[in-house]
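Containing compact mmCIF, C-alpha atoms (C1' of nucleotides): my_file.txt.
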# COMPACT_ATOMS: atom_id res chain seq x y z
CA MET N 228 160.87 198.96 143.28
CA ALA N 229 159.71 199.33 139.72
CA SER N 230 162.95 200.48 138.19
CA SER N 231 165.28 198.04 139.91
CA ALA N 232 164.67 195.17 137.48
CA ARG N 233 165.19 197.67 134.71
CA GLU N 234 168.46 198.92 136.16
CA ALA N 235 169.64 195.41 136.91
CA ALA N 236 169.07 194.30 133.34
CA ILE N 237 171.12 197.07 131.75
CA PRO N 238 174.59 195.50 132.03
CA ALA N 239 173.37 192.22 130.54
CA LEU N 240 171.59 194.05 127.73
CA ALA N 241 174.76 196.04 127.06
CA GLU N 242 176.82 192.89 126.79
CA VAL N 243 174.47 191.35 124.25
CA PHE N 244 174.40 194.50 122.11
CA ARG N 245 178.19 194.69 122.32
CA GLU N 246 178.65 191.13 121.12
CA HIS N 247 175.93 190.94 118.48
CA GLY N 248 175.20 194.49 117.36
CA TYR N 249 171.75 196.03 117.34
CA THR N 250 170.03 193.89 114.74
CA GLY N 251 171.94 190.81 115.83
CA ALA N 252 170.77 191.12 119.42
CA SER N 253 167.52 189.17 119.27
CA LEU N 254 164.88 189.28 121.95
CA ALA N 255 165.66 185.62 122.59
CA LEU N 256 169.29 186.46 123.36
CA LEU N 257 168.36 189.54 125.35
CA GLY N 258 165.89 187.52 127.38
CA ALA N 259 168.29 184.64 127.99
CA ARG N 260 171.14 186.89 129.13
CA THR N 261 169.04 189.02 131.43
CA GLY N 262 167.12 186.04 132.75
CA LEU N 263 163.90 187.87 131.93
CA GLY N 264 161.04 186.52 129.89
CA LYS N 265 159.57 188.46 127.04
CA GLY N 266 156.77 189.70 129.27
CA SER N 267 159.13 191.15 131.85
CA LEU N 268 161.36 192.66 129.21
CA TYR N 269 158.48 194.50 127.57
CA HIS N 270 157.12 195.51 130.94
CA ALA N 271 160.44 197.14 131.84
CA PHE N 272 161.06 198.54 128.34
CA PRO N 273 157.68 199.26 126.73
CA GLY N 274 159.48 200.69 123.72
CA GLY N 275 161.00 197.32 122.91
CA LYS N 276 164.50 196.75 121.57
CA ALA N 277 164.99 200.37 120.56
CA GLU N 278 164.31 201.55 124.10
CA MET N 279 166.66 198.92 125.50
CA ALA N 280 169.45 200.10 123.23
CA GLN N 281 168.80 203.76 124.00
CA THR N 282 168.83 203.04 127.71
CA VAL N 283 172.09 201.15 127.41
CA LEU N 284 173.69 203.95 125.40
CA ASP N 285 172.52 206.49 127.98
CA ALA N 286 173.91 204.39 130.82
CA ILE N 287 177.27 204.10 129.10
CA GLY N 288 177.30 207.82 128.40
CA ALA N 289 176.50 208.58 132.03
CA TRP N 290 179.24 206.28 133.27
CA PHE N 291 181.88 207.88 131.06
CA GLU N 292 180.65 211.34 131.98
CA ALA N 293 180.97 210.66 135.71
CA GLU N 294 184.14 208.58 135.68
CA ILE N 295 186.13 210.20 132.91
CA TYR N 296 184.80 213.36 131.29
CA ALA N 297 183.95 215.26 134.47
CA PRO N 298 187.39 214.68 136.04
CA LEU N 299 189.05 215.69 132.76
CA ARG N 300 187.17 218.96 132.81
CA ASP N 301 187.21 219.72 136.50
CA ASP N 302 190.12 218.05 138.26
CA PRO N 303 192.53 220.78 139.34
CA ASP N 304 195.33 218.41 138.30
CA PRO N 305 194.69 217.70 134.60
CA ARG N 306 197.58 215.26 134.36
CA ALA N 307 196.12 213.18 137.15
CA ALA N 308 192.75 213.20 135.40
CA ILE N 309 194.40 212.02 132.18
CA ALA N 310 196.18 209.21 134.02
CA ARG N 311 192.87 208.28 135.57
CA MET N 312 191.30 208.23 132.10
CA PHE N 313 193.81 205.70 130.83
CA ALA N 314 193.37 203.49 133.87
CA ALA N 315 189.58 203.63 133.52
CA VAL N 316 189.74 202.94 129.78
CA ASP N 317 192.01 199.95 130.27
CA ALA N 318 189.72 198.53 132.95
CA TYR N 319 186.49 199.29 131.09
CA PHE N 320 187.59 197.72 127.83
CA GLN N 321 189.33 194.86 129.65
CA SER N 322 192.60 195.63 127.90
CA GLY N 323 190.92 195.47 124.51
CA ARG N 324 189.11 192.17 125.01
CA ARG N 325 185.89 194.09 125.21
CA VAL N 326 184.60 196.12 122.32
CA CYS N 327 183.21 199.66 122.46
CA LEU N 328 179.47 199.40 121.96
CA VAL N 329 179.22 202.99 120.80
CA GLY N 330 181.95 202.50 118.23
CA ALA N 331 180.37 199.28 116.99
CA PHE N 332 177.01 201.00 116.64
CA ALA N 333 178.67 203.86 114.79
CA LEU N 334 180.08 201.51 112.17
CA SER N 335 177.06 199.51 111.24
CA ASP N 336 173.65 198.81 112.61
CA GLY N 337 171.45 201.20 114.46
CA ARG N 338 173.69 204.02 113.28
CA ASP N 339 170.80 206.11 112.03
CA LEU N 340 168.57 205.31 114.99
CA PHE N 341 171.14 206.40 117.55
CA ALA N 342 173.28 208.83 115.58
CA ALA N 343 172.74 211.70 118.00
CA ARG N 344 173.75 209.71 121.07
CA ILE N 345 176.77 208.24 119.31
CA ALA N 346 177.99 211.64 118.18
CA ALA N 347 177.44 213.11 121.64
CA TYR N 348 179.45 210.35 123.30
CA PHE N 349 182.53 210.93 121.17
CA ALA N 350 182.24 214.71 121.05
CA ALA N 351 182.03 214.86 124.84
CA TRP N 352 185.08 212.64 125.20
CA ARG N 353 187.15 214.63 122.73
CA ASP N 354 186.14 217.97 124.21
CA ALA N 355 186.73 216.93 127.82
CA LEU N 356 190.15 215.57 126.95
CA ALA N 357 190.99 218.71 124.99
CA GLU N 358 190.01 220.76 128.00
CA ALA N 359 192.36 218.80 130.25
CA LEU N 360 195.21 219.00 127.76
CA SER N 361 194.68 222.68 127.37
CA ARG N 362 194.81 223.22 131.11
CA ALA N 363 197.97 221.12 131.16
CA GLY N 364 199.52 223.67 128.86
CA ARG N 365 199.37 221.91 125.50
CA ASN N 366 198.65 224.22 122.62
CA ASP N 367 197.74 221.36 120.25
CA ALA N 368 195.07 220.23 122.68
CA VAL N 369 192.16 219.73 120.29
CA THR N 370 194.15 217.83 117.69
CA LEU N 371 195.82 215.70 120.32
CA ALA N 372 192.49 214.90 121.95
CA GLU N 373 190.90 213.89 118.66
CA ASP N 374 193.91 211.76 117.84
CA THR N 375 193.78 210.02 121.21
CA VAL N 376 190.07 209.21 121.16
CA LEU N 377 190.34 207.92 117.62
CA ALA N 378 193.39 205.82 118.41
CA ILE N 379 191.59 204.13 121.30
CA GLN N 380 188.77 203.15 118.97
CA GLY N 381 191.20 201.93 116.35
CA GLY N 382 193.07 200.03 119.01
CA LEU N 383 189.90 198.18 119.93
CA VAL N 384 189.28 197.30 116.27
CA LEU N 385 192.82 196.05 115.69
CA THR N 386 192.99 194.19 118.98
CA ARG N 387 189.79 192.39 118.17
CA ALA N 388 190.82 191.72 114.58
CA LEU N 389 194.18 190.25 115.53
CA ASP N 390 192.78 188.74 118.73
CA ASP N 391 195.79 190.14 120.54
CA PRO N 392 195.23 192.25 123.67
CA ALA N 393 198.89 193.24 123.62
CA VAL N 394 198.05 195.64 120.80
CA PHE N 395 195.74 197.59 123.08
CA ALA N 396 198.15 197.51 126.01
CA ARG N 397 201.00 198.88 123.87
CA LEU N 398 198.74 201.57 122.47
CA LEU N 399 197.63 202.84 125.86
CA MET N 400 201.24 203.07 127.05
CA ARG N 401 202.22 204.99 123.93
CA LEU N 402 199.26 207.35 124.25
CA GLU N 403 199.78 208.06 127.92
CA HIS N 404 203.42 208.80 127.27
CA ARG N 405 202.47 211.16 124.48
CA LEU N 406 199.95 213.01 126.64
CA ASN N 407 201.55 213.00 130.06
CA GLY N 408 205.18 212.66 129.12
CA MET T 103 181.32 183.40 80.88
CA ALA T 104 180.23 181.71 84.04
CA SER T 105 182.19 183.77 86.48
CA SER T 106 181.44 187.18 85.02
CA ALA T 107 178.08 187.57 86.78
CA ARG T 108 179.82 186.48 89.93
CA GLU T 109 182.61 189.02 89.53
CA ALA T 110 180.19 191.75 88.56
CA ALA T 111 178.12 191.21 91.68
CA ILE T 112 180.99 191.53 94.12
CA PRO T 113 181.12 195.32 94.46
CA ALA T 114 177.37 195.50 95.08
CA LEU T 115 177.57 192.70 97.63
CA ALA T 116 180.45 194.48 99.34
CA GLU T 117 178.47 197.67 99.62
CA VAL T 118 175.53 195.91 101.26
CA PHE T 119 177.76 194.11 103.76
CA ARG T 120 179.52 197.39 104.52
CA GLU T 121 176.29 199.21 105.23
CA HIS T 122 174.37 196.50 107.07
CA GLY T 123 176.93 194.10 108.50
CA TYR T 124 176.87 190.37 107.92
CA THR T 125 173.64 189.42 109.67
CA GLY T 126 171.98 192.67 108.61
CA ALA T 127 172.65 192.02 104.94
CA SER T 128 169.57 190.01 104.00
CA LEU T 129 169.24 188.04 100.80
CA ALA T 130 166.49 190.47 99.83
CA LEU T 131 168.90 193.42 100.10
CA LEU T 132 171.71 191.51 98.43
CA GLY T 133 169.42 190.54 95.58
CA ALA T 134 168.00 194.03 95.15
CA ARG T 135 171.41 195.72 95.11
CA THR T 136 172.99 193.27 92.70
CA GLY T 137 169.91 193.10 90.53
CA LEU T 138 170.01 189.32 90.80
CA GLY T 139 167.15 187.08 91.87
CA LYS T 140 167.57 184.48 94.52
CA GLY T 141 168.07 181.81 91.89
CA SER T 142 170.95 183.64 90.22
CA LEU T 143 172.53 184.51 93.52
CA TYR T 144 172.58 180.91 94.68
CA HIS T 145 173.75 179.77 91.28
CA ALA T 146 176.75 182.09 91.46
CA PHE T 147 177.37 181.49 95.17
CA PRO T 148 176.24 177.95 96.02
CA GLY T 149 177.51 178.44 99.56
CA GLY T 150 174.95 181.17 100.18
CA LYS T 151 175.56 184.30 102.22
CA ALA T 152 178.69 182.96 103.86
CA GLU T 153 180.32 182.36 100.47
CA MET T 154 179.31 185.83 99.31
CA ALA T 155 180.94 187.40 102.34
CA GLN T 156 184.07 185.31 102.00
CA THR T 157 184.35 186.21 98.33
CA VAL T 158 183.94 189.88 99.13
CA LEU T 159 186.59 189.72 101.87
CA ASP T 160 188.95 187.94 99.50
CA ALA T 161 188.36 190.54 96.78
CA ILE T 162 189.08 193.35 99.21
CA GLY T 163 192.19 191.58 100.44
CA ALA T 164 193.40 191.08 96.88
CA TRP T 165 192.82 194.72 96.02
CA PHE T 166 194.77 195.97 99.02
CA GLU T 167 197.53 193.47 98.35
CA ALA T 168 197.96 194.63 94.77
CA GLU T 169 197.44 198.36 95.23
CA ILE T 170 199.01 198.94 98.62
CA TYR T 171 200.84 196.09 100.32
CA ALA T 172 202.94 194.97 97.35
CA PRO T 173 204.22 198.49 96.59
CA LEU T 174 205.01 199.00 100.28
CA ARG T 175 207.12 195.87 100.29
CA ASP T 176 208.68 196.13 96.85
CA ASP T 177 208.83 199.69 95.61
CA PRO T 178 212.49 200.75 95.56
CA ASP T 179 211.32 204.11 96.89
CA PRO T 180 209.53 203.31 100.17
CA ARG T 181 208.52 206.93 100.77
CA ALA T 182 206.76 206.99 97.42
CA ALA T 183 204.96 203.77 98.28
CA ILE T 184 203.84 205.28 101.58
CA ALA T 185 202.55 208.38 99.83
CA ARG T 186 200.73 206.12 97.42
CA MET T 187 199.20 204.24 100.35
CA PHE T 188 197.71 207.41 101.81
CA ALA T 189 196.32 208.47 98.45
CA ALA T 190 194.81 205.03 97.89
CA VAL T 191 193.34 204.93 101.41
CA ASP T 192 191.79 208.36 101.03
CA ALA T 193 190.24 207.38 97.71
CA TYR T 194 189.13 203.93 98.81
CA PHE T 195 187.41 205.11 101.97
CA GLN T 196 186.06 208.20 100.21
CA SER T 197 187.64 210.46 102.79
CA GLY T 198 186.00 208.55 105.61
CA ARG T 199 182.49 208.53 104.21
CA ARG T 200 182.88 204.86 103.51
CA VAL T 201 183.44 202.37 106.27
CA CYS T 202 186.01 199.58 106.35
CA LEU T 203 184.12 196.32 105.88
CA VAL T 204 186.89 194.31 107.47
CA GLY T 205 186.97 196.54 110.52
CA ALA T 206 183.20 196.43 110.84
CA PHE T 207 183.23 192.64 110.63
CA ALA T 208 185.98 192.53 113.24
CA LEU T 209 183.86 194.45 115.74
CA SER T 210 180.63 192.57 115.59
CA ASP T 211 178.93 189.99 113.46
CA GLY T 212 180.58 187.34 111.44
CA ARG T 213 183.71 187.83 113.49
CA ASP T 214 184.06 184.17 114.31
CA LEU T 215 183.17 183.02 110.80
CA PHE T 216 185.80 185.18 109.15
CA ALA T 217 188.34 185.66 111.92
CA ALA T 218 191.22 184.25 109.90
CA ARG T 219 190.62 186.50 106.90
CA ILE T 220 190.15 189.55 109.10
CA ALA T 221 193.35 188.92 110.99
CA ALA T 222 195.27 188.29 107.76
CA TYR T 223 194.07 191.56 106.23
CA PHE T 224 195.33 193.68 109.13
CA ALA T 225 198.50 191.70 109.73
CA ALA T 226 199.47 192.01 106.06
CA TRP T 227 198.86 195.76 106.12
CA ARG T 228 200.85 196.30 109.29
CA ASP T 229 203.74 194.11 108.13
CA ALA T 230 203.94 195.64 104.65
CA LEU T 231 203.95 199.14 106.10
CA ALA T 232 206.58 198.17 108.66
CA GLU T 233 208.71 196.82 105.83
CA ALA T 234 208.48 200.10 103.95
CA LEU T 235 209.22 202.15 107.06
CA SER T 236 212.16 199.96 107.87
CA ARG T 237 213.58 200.39 104.38
CA ALA T 238 213.05 204.13 104.78
CA GLY T 239 215.37 203.98 107.74
CA ARG T 240 212.95 204.15 110.66
CA ASN T 241 213.99 202.06 113.61
CA ASP T 242 210.54 202.20 115.24
CA ALA T 243 209.02 200.70 112.09
CA VAL T 244 206.81 198.02 113.61
CA THR T 245 205.33 200.25 116.30
CA LEU T 246 204.78 203.07 113.86
CA ALA T 247 203.12 200.75 111.38
CA GLU T 248 200.77 199.30 114.00
CA ASP T 249 199.94 202.80 115.19
CA THR T 250 199.16 203.97 111.67
CA VAL T 251 196.91 201.07 110.70
CA LEU T 252 195.05 201.36 113.96
CA ALA T 253 194.65 205.10 113.62
CA ILE T 254 193.12 204.73 110.17
CA GLN T 255 190.53 202.34 111.57
CA GLY T 256 189.84 204.64 114.48
CA GLY T 257 189.58 207.56 112.08
CA LEU T 258 186.86 205.74 110.18
CA VAL T 259 184.96 205.04 113.40
CA LEU T 260 185.17 208.63 114.63
CA THR T 261 184.40 210.12 111.23
CA ARG T 262 181.30 208.00 110.97
CA ALA T 263 180.27 208.67 114.55
CA LEU T 264 180.60 212.43 114.23
CA ASP T 265 179.47 212.37 110.60
CA ASP T 266 182.37 214.66 109.81
CA PRO T 267 184.75 213.68 106.98
CA ALA T 268 187.12 216.44 108.05
CA VAL T 269 188.20 214.19 110.93
CA PHE T 270 189.51 211.61 108.47
CA ALA T 271 191.14 214.20 106.23
CA ARG T 272 193.00 215.76 109.17
CA LEU T 273 194.10 212.34 110.38
CA LEU T 274 195.57 211.32 107.04
CA MET T 275 197.55 214.55 106.82
CA ARG T 276 198.90 214.07 110.32
CA LEU T 277 199.82 210.46 109.66
CA GLU T 278 201.54 211.14 106.37
CA HIS T 279 203.53 213.91 107.98
CA ARG T 280 204.56 211.59 110.78
CA LEU T 281 205.66 208.85 108.39
CA ASN T 282 207.13 210.77 105.49
CA GLY T 283 208.15 213.95 107.23
C1' DC S 191 166.18 171.64 63.86
C1' DG S 192 166.77 169.66 68.39
C1' DC S 193 169.36 168.40 72.26
C1' DA S 194 171.83 169.90 76.28
C1' DC S 195 173.24 173.01 79.37
C1' DT S 196 173.35 177.48 81.83
C1' DC S 197 170.81 180.55 84.06
C1' DT S 198 166.79 182.68 86.64
C1' DG S 199 162.05 183.71 88.60
C1' DT S 200 158.88 181.78 91.72
C1' DA S 201 156.84 179.05 95.04
C1' DC S 202 157.73 177.03 99.09
C1' DC S 203 160.17 175.28 103.49
C1' DG S 204 160.81 175.48 108.68
C1' DA S 205 162.76 178.69 111.79
C1' DT S 206 163.03 182.91 113.84
C1' DC S 207 162.23 187.75 113.91
C1' DG S 208 160.04 191.85 116.97
C1' DG S 209 155.95 192.63 119.12
C1' DT S 210 151.15 191.89 121.40
C1' DA S 211 147.55 189.86 124.34
C1' DC S 212 146.33 187.97 128.22
C1' DA S 213 145.61 184.88 132.03
C1' DG S 214 147.31 183.89 136.25
C1' DC S 215 150.69 184.03 140.02
C1' DG S 216 152.32 186.31 144.15
C1' DC S 217 152.90 190.14 147.07
C1' DC S 218 151.48 194.15 149.54
C1' DC S 219 148.25 196.85 151.83
C1' DG S 220 143.93 197.67 153.82
C1' DC Q 43 141.71 187.56 155.22
C1' DG Q 44 140.72 189.54 150.76
C1' DG Q 45 140.89 192.62 146.91
C1' DG Q 46 143.88 194.78 143.64
C1' DC Q 47 147.87 195.39 141.13
C1' DG Q 48 152.69 194.64 139.59
C1' DC Q 49 154.85 191.30 137.26
C1' DT Q 50 155.77 187.24 134.20
C1' DG Q 51 155.26 182.97 131.32
C1' DT Q 52 153.05 181.53 127.25
C1' DA Q 53 150.60 181.37 123.21
C1' DC Q 54 150.14 183.69 119.25
C1' DC Q 55 150.62 187.30 115.32
C1' DG Q 56 152.27 188.59 110.53
C1' DA Q 57 156.65 189.38 108.49
C1' DT Q 58 160.93 188.04 107.20
C1' DC Q 59 164.89 185.16 107.66
C1' DG Q 60 168.35 181.86 104.85
C1' DG Q 61 167.90 178.18 101.96
C1' DT Q 62 165.88 174.61 98.52
C1' DA Q 63 163.33 172.79 94.52
C1' DC Q 64 162.17 173.14 90.20
C1' DA Q 65 160.09 174.41 85.87
C1' DG Q 66 160.96 176.94 82.14
C1' DA Q 67 163.40 180.65 79.38
C1' DG Q 68 167.48 181.58 76.83
C1' DT Q 69 171.48 180.05 74.24
C1' DG Q 70 175.01 177.67 71.68
C1' DC Q 71 176.43 173.71 69.29
C1' DG Q 72 176.21 169.50 66.50
Output the file's structure in the form of structure tokens.
Amino acid sequence: MASSAREAAIPALAEVFREHGYTGASLALLGARTGLGKGSLYHAFPGGKAEMAQTVLDAIGAWFEAEIYAPLRDDPDPRAAIARMFAAVDAYFQSGRRVCLVGAFALSDGRDLFAARIAAYFAAWRDALAEALSRAGRNDAVTLAEDTVLAIQGGLVLTRALDDPAVFARLLMRLEHRLNG
Amino acid sequence: MASSAREAAIPALAEVFREHGYTGASLALLGARTGLGKGSLYHAFPGGKAEMAQTVLDAIGAWFEAEIYAPLRDDPDPRAAIARMFAAVDAYFQSGRRVCLVGAFALSDGRDLFAARIAAYFAAWRDALAEALSRAGRNDAVTLAEDTVLAIQGGLVLTRALDDPAVFARLLMRLEHRLNG
DNA sequence: CGCACTCTGTACCGATCGGTACAGCGCCCG
DNA sequence: CGGGCGCTGTACCGATCGGTACAGAGTGCG
């Protein structure tokens, strides 16, 4: 199938963008990590590096939407959805060893190119979490949601800076306690 | 004086690294922003781009040490030092419009090159704040300090991502209230 | 004045950048 | 079996990368 090579390449592309940023992710690196030559890469992504990055951002957004945001909004048990969010976040970011690509893009390169997607990712997260908190009876739902999303990003920065995954683990415990008691 | 051109260039260099990251900050950009040709740049920084980045990181570290960490540790009134920290942070980061270079470096490029400096910057901040909180009588000083430093970094990420300085302003108010009542 | 020394613009280096062109391989379908 | 097409490796493009070499301008001092 035409799109299967494309789909298969996405996780590898994501990893390279995560580790090197947009400008730092060279076609040589992208090709090496995916195992695809330049020809294949441009056949699958005619738009070049920009299309690869967009596709990766969309895939990440879709994953979070399905695994985290949708349950937060729709699960009849909001507290269960929040617990699920923390478990998914811990697994996804490998307890802080893995960086958030969207957050990294927001800070430096490719910010202008992908600003809309970046903003949408965080806004959706904050709003879905606020929805769950609201249904759980919190009246400070929006503030608490913003604070939580922001703390997770900060936790990733500090964990990476200090090279100490315990920072992220402690943070998630604190946050979950604050949200779910 | 020999070092005056060097010193004068540092803020401009810092701004370029902040906006483009380490690999994204080309010598062309660095030269344009500082107003120095390649010859002058390499005369002032014989070690090239790496020395420029190190110098910038050191200058930032020194500024935070003098303006924020030292008062946190030494001011006889720890609550005043904490208030001063929030005012300095708000001014330095221009209410979130400006990104933290150290945090940006921690997330992506140049991380390995400058890991020690990056870790020292955050560890010093966390420890100085914990010292102040401890002297102010908080028994959860270390946790609270870690949480605060991390939240500021996350606030910068989210503010940039959503392009909304109000996020950072709200965060600082919340944090100061949590620390100083 | 003239020497010496600091500084700086410019030309140049090999390497690598993102991207394009294209020839040929292999697979599928008629 | 054979023709066509999806796919891919490779050579190549101009631009730019970080870095070096160096000649000459500017400057201060004996």
Neighbouring residues of stretch 274-278 of chain N were defined as those with any atom within 12 Å, considering all atoms listed in the file; residues of the same chain fewer than 6 positions away were excluded. Please report them as a PDB file with C-alpha atoms (C1' of nucleotides), in the frame of the given file.
ATOM      1  CA  ARG N 233     165.190 197.670 134.710  1.00  0.00           C
ATOM      2  CA  ILE N 237     171.120 197.070 131.750  1.00  0.00           C
ATOM      3  CA  LEU N 240     171.590 194.050 127.730  1.00  0.00           C
ATOM      4  CA  ALA N 241     174.760 196.040 127.060  1.00  0.00           C
ATOM      5  CA  VAL N 243     174.470 191.350 124.250  1.00  0.00           C
ATOM      6  CA  PHE N 244     174.400 194.500 122.110  1.00  0.00           C
ATOM      7  CA  GLY N 248     175.200 194.490 117.360  1.00  0.00           C
ATOM      8  CA  TYR N 249     171.750 196.030 117.340  1.00  0.00           C
ATOM      9  CA  THR N 250     170.030 193.890 114.740  1.00  0.00           C
ATOM     10  CA  GLY N 251     171.940 190.810 115.830  1.00  0.00           C
ATOM     11  CA  ALA N 252     170.770 191.120 119.420  1.00  0.00           C
ATOM     12  CA  SER N 253     167.520 189.170 119.270  1.00  0.00           C
ATOM     13  CA  LEU N 254     164.880 189.280 121.950  1.00  0.00           C
ATOM     14  CA  ALA N 255     165.660 185.620 122.590  1.00  0.00           C
ATOM     15  CA  LEU N 256     169.290 186.460 123.360  1.00  0.00           C
ATOM     16  CA  LEU N 257     168.360 189.540 125.350  1.00  0.00           C
ATOM     17  CA  GLY N 258     165.890 187.520 127.380  1.00  0.00           C
ATOM     18  CA  LYS N 265     159.570 188.460 127.040  1.00  0.00           C
ATOM     19  CA  GLY N 266     156.770 189.700 129.270  1.00  0.00           C
ATOM     20  CA  SER N 267     159.130 191.150 131.850  1.00  0.00           C
ATOM     21  CA  LEU N 268     161.360 192.660 129.210  1.00  0.00           C
ATOM     22  CA  LEU N 284     173.690 203.950 125.400  1.00  0.00           C
ATOM     23  CA  ASP N 285     172.520 206.490 127.980  1.00  0.00           C
ATOM     24  CA  ASP N 336     173.650 198.810 112.610  1.00  0.00           C
ATOM     25  CA  GLY N 337     171.450 201.200 114.460  1.00  0.00           C
ATOM     26  CA  ARG N 338     173.690 204.020 113.280  1.00  0.00           C
ATOM     27  CA  ASP N 339     170.800 206.110 112.030  1.00  0.00           C
ATOM     28  CA  LEU N 340     168.570 205.310 114.990  1.00  0.00           C
ATOM     29  CA  PHE N 341     171.140 206.400 117.550  1.00  0.00           C
TER      30      PHE N 341
ATOM     31  C1'  DG S 208     160.040 191.850 116.970  1.00  0.00           C
ATOM     32  C1'  DG S 209     155.950 192.630 119.120  1.00  0.00           C
ATOM     33  C1'  DT S 210     151.150 191.890 121.400  1.00  0.00           C
TER      34       DT S 210
END
- Query: atom CA of T:His279 to atom CA of T:Leu246: how many Å, to one decimal?
  - Reply: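 These atoms are spaced 12.4 Å apart.
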Nearby residues (only C-alpha atoms (C1' of nucleotides)) at most 10 Å from stretch 212-219 of chain S, same-chain spacing under 6 positions excluded, as a PDB file with C-alpha atoms (C1' of nucleotides), in the frame of the given file:
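Output file part35.pdb is given in full below:
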ATOM      1  C1'  DG Q  45     140.890 192.620 146.910  1.00  0.00           C
ATOM      2  C1'  DG Q  46     143.880 194.780 143.640  1.00  0.00           C
ATOM      3  C1'  DC Q  47     147.870 195.390 141.130  1.00  0.00           C
ATOM      4  C1'  DG Q  48     152.690 194.640 139.590  1.00  0.00           C
ATOM      5  C1'  DC Q  49     154.850 191.300 137.260  1.00  0.00           C
ATOM      6  C1'  DT Q  50     155.770 187.240 134.200  1.00  0.00           C
ATOM      7  C1'  DG Q  51     155.260 182.970 131.320  1.00  0.00           C
ATOM      8  C1'  DT Q  52     153.050 181.530 127.250  1.00  0.00           C
ATOM      9  C1'  DA Q  53     150.600 181.370 123.210  1.00  0.00           C
TER      10       DA Q  53
END
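A straight line drawn from atom CA of T:Asp179 to atom CA of T:Ala238 is 8.1 Å long.
Atom CA of N:Arg300 is found 24.4 Å from atom CA of T:Leu273.
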- Task: Using all atoms listed in the file, select each residue of chain N with any atom at most 10 Å away from an atom of chain T, and give the selection as a PyMOL selection string.
- Result: chain N and resi 244-251+325-338+341-350+370+373-391+394-395+397-398+401
- Query: Near Q:DG70, counting all atoms listed in the file, which residues have an atom at most 10 Å away, once you skip same-chain residues fewer than 2 positions from it, shown as a ChimeraX atom specification?
  - Reply: /S:194-195 /Q:68,72
- Starting from chain Q, keep only residues with some atom at most 12 Å from an atom of chain T, counting only C-alpha atoms (C1' of nucleotides), and report them as a list in words.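 Those within range of chain T come out as DT58, DC59, DG60, DG61, DT62, DA63 and DC64 of chain Q.
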